[in-house]
Amino acid sequence: MPLLVTRARDAMTAASVAAAFVKPALLRAIASIAIVLGALAAIASGPACAETSEVRVSHGYGVLYLPIMVMAHEKLLEREARARGLGEVRASYRVLDSGNVINDAMLSGALDIATIGVPGFLTLWAKAKDNPAIEIRGLSGMSSSSMYLMTRNPNVRSLADLGPADRIAVPGIKTSLPAVLLQMAAAKTFGEAGYAKLDPITVALPHPDALAVMLSGKGEIDSHMASPPFSYVEDRTPGLHRVFNSVDVLGNITLDMTYTSRKFFEANPRTCEAFVAALDAANALIARDKRKAAEIYVAAASVKTSPDEVLAILADPNSKFSAVPEGTMEYATFMARVGTIKARPASWRDLFFPPIHSRSGS
């Protein structure tokens with residue numbers, strides 16, 4: 001028990017015992033001291049355990065971010081915070097695309113928790129490693145699905161058919177999730193020395209904008225490394241065809257994850273616990289009520305689609321939502337081997353804060 005609290009209690013006990021023996025004025029003085037000590041104890045103990053009253057969370061475009069959309073719609077973070085005695089915590093959500101933009105927002109202090117493609121996270125993790133001022137680690141995995149390389153060039157049937165005149169849209173050049181998946185696929189096609197062969201023909205463009213260009217049939221961009229639902233829309237559009245599915249090349253590994261700074265985690269451990277619990281609750285809702293989850297997505301999405309179209313994506317066995325990270329070391333090993341990141345983690349646990357270590361990840 002804190003010293004001030006002990007003293008306050010003893011003082012109040014002494015006041016009651018002395019009541020029959022001391023003059024009223026002296027009794028009032030003793031009681032006043034007890035009240036002051038109690039107030040000081042409350043002041044001293046309150047801020048020491050206080051956590052943030054607001055959590056700023058980012059998410060990107062597409063179905064891969066559905067758990068965060070469900071979390072926001074159902075106010076799950078607020079609920080889990082109350083359950084942990086944190087009071088009324090306000091959660092705000094901001095749409096950010098591209099790993100570089102997200103990481104810059106985190107470093108500038110504009111975000112508390114980010115959702116991001118695994119490669120974008122690894123880029124900042126390696127740069128900030130062992131620097132307490134800017135160090136980051138993962139809170140959880142989040143989602144996995146298939147990504148398609150789509151094209152309107154009838155002559156392109158494999159990566160080897162792409163030429164200098166082609167242009168591939170990705171959210172961010174070299175470090176975004178689609179860009180690194182494209183590099184990993186290129187390494188399998190051209191050999192590891194050719195992993196960056198397609199980088200010169202990639203163009204930075206958010207998924208919704210890339211979809212609009214692909215559907216228009218105009219503009220310099222003729223290909224798109226697309227995530228769902230954009231990939232599904234393009235795949236059923238006449239004149240466009242799929243070059244490859246990322247799952248066929250790389251397997252079904254975590255595509256998007258969540259992370260925060262060491263500073264935020266250490267100052268707000270129960271808030272971070274509440275966030276992961278809210279993510280689990282969102283994933284549980286998606287699993288048991290896909291129709292409701294699809295309606296939440298339609299209401300939140302920037303590119304309008306129907307619930308039935310989203311339900312088709314959720315029914316795809318490649319679409320998975322889980323806080324357990326899977327395959328993060330595949331990215332890390334590749335990126336360290338080709339020199340994209342300078343630090344290589346010994347295991348996936350080096351990348352995540354301890355609370356998630358008890359789950360079976362990779």
# chains A, B, ... in the order shown; residues from 1 in each chain; ligands from 1
>>> select_by_dssp(residues="region 281-341 of chain A", states="helix (DSSP H, G or I)", output="MDAnalysis selection string")
chainID A and resid 281:288 290:300 307:315 328:338
>>> residues_around(residues="Asp308 (chain A)", least_positions_apart="5", cutoff="10 Å", atoms="only C-alpha atoms", output="PyMOL selection string")
chain A and resi 291+294-295+298+313-314
>>> residues_around(residues="Ser176 (chain A)", least_positions_apart="6", cutoff="8 Å", atoms="only C-alpha atoms", output="list in words")
Ser98, Gly99, Asn100, Gly117, Pro119, Gly120 and Val170 of chain A
>>> closest_residue(among="A:Glu135, A:Thr123, A:Ser306, A:Ile253", to="Ser319 (chain A)", atoms="only C-alpha atoms")
A:Ile253
>>> select_by_dssp(residues="region 167-327 of chain A", states="strand (DSSP E)", output="ChimeraX atom specification")
/A:168-170,202-204,223-226,241-245,256-261,320-321
>>> residues_around(residues="Tyr297 (chain A)", least_positions_apart="4", cutoff="10 Å", atoms="only C-alpha atoms", output="list in words")
Gly62, Val63, Tyr65, Leu66, Pro67, Ile68, Met69, Val70, His73, Arg291, Lys292, Ala293, Ala301, Ser302, Lys304, Thr305, Ser306, Pro307 and Val310 of chain A
>>> residues_around(residues="Arg152 (chain A)", least_positions_apart="5", cutoff="12 Å", atoms="only C-alpha atoms", output="list in words")
Arg157, Leu162, Asp166, Arg167, Ile168, Leu211, Val213, Met214, Leu215, Ser216, Gly217, Lys218, Gly219, Glu220, Ile221, Asp222, Ser223, His224, Glu234, Asp235, Thr237, Pro238, Gly239, Leu240, His241, Arg242 and Val243 of chain A
>>> closest_residue(among="A:Leu96, A:Leu139, A:Leu122, A:Gly60", to="Pro269 (chain A)", atoms="only C-alpha atoms")
A:Leu139
>>> atom_distance(atom1="CA of Ala210 (chain A)", atom2="CA of Ala169 (chain A)")
6.2 Å
>>> residues_around(residues="Ala133 (chain A)", least_positions_apart="5", cutoff="12 Å", atoms="only C-alpha atoms", output="list of chain:residue names")
A:Met106, A:Leu107, A:Ser108, A:Gly109, A:Lys127, A:Ala128, A:Ser261, A:Arg262, A:Lys263, A:Phe264, A:Glu266
>>> closest_atom_pairs(of="region 159-199 of chain A", to="region 336-350 of chain A", cutoff="10 Å", atoms="only C-alpha atoms", output="Markdown table")
| residue | atom | partner | partner_atom | distance |
| --- | --- | --- | --- | --- |
| A:Lys174 | CA | A:Thr340 | CA | 8.7 |
| A:Thr175 | CA | A:Thr340 | CA | 8.3 |
| A:Val180 | CA | A:Thr340 | CA | 9.7 |
| A:Ala187 | CA | A:Val338 | CA | 9.9 |
| A:Glu192 | CA | A:Val338 | CA | 7.8 |
| A:Ala193 | CA | A:Val338 | CA | 8.2 |
| A:Tyr195 | CA | A:Val338 | CA | 8.1 |
| A:Ala196 | CA | A:Val338 | CA | 9.3 |
>>> closest_residue(among="A:Met257, A:Ala212, A:Leu279, A:Leu182", to="Val303 (chain A)", atoms="only C-alpha atoms")
A:Ala212
>>> closest_residue(among="A:Leu311, A:Leu159, A:Leu111, A:Ala332", to="Trp125 (chain A)", atoms="only C-alpha atoms")
A:Ala332
>>> closest_atom_pairs(of="region 102-219 of chain A", to="region 78-93 of chain A", cutoff="12 Å", atoms="only C-alpha atoms", output="JSON lines")
{"residue": "A:Ala110", "atom": "CA", "partner": "A:Tyr93", "partner_atom": "CA", "distance": 11.4}
{"residue": "A:Leu111", "atom": "CA", "partner": "A:Tyr93", "partner_atom": "CA", "distance": 9.4}
{"residue": "A:Asp112", "atom": "CA", "partner": "A:Ser92", "partner_atom": "CA", "distance": 10.1}
{"residue": "A:Ile113", "atom": "CA", "partner": "A:Tyr93", "partner_atom": "CA", "distance": 9.7}
{"residue": "A:Ala114", "atom": "CA", "partner": "A:Tyr93", "partner_atom": "CA", "distance": 9.8}
{"residue": "A:Thr115", "atom": "CA", "partner": "A:Tyr93", "partner_atom": "CA", "distance": 10.7}
>>> closest_residue(among="A:Ala185, A:Leu250, A:Val233, A:Ile296", to="Pro208 (chain A)", atoms="only C-alpha atoms")
A:Val233
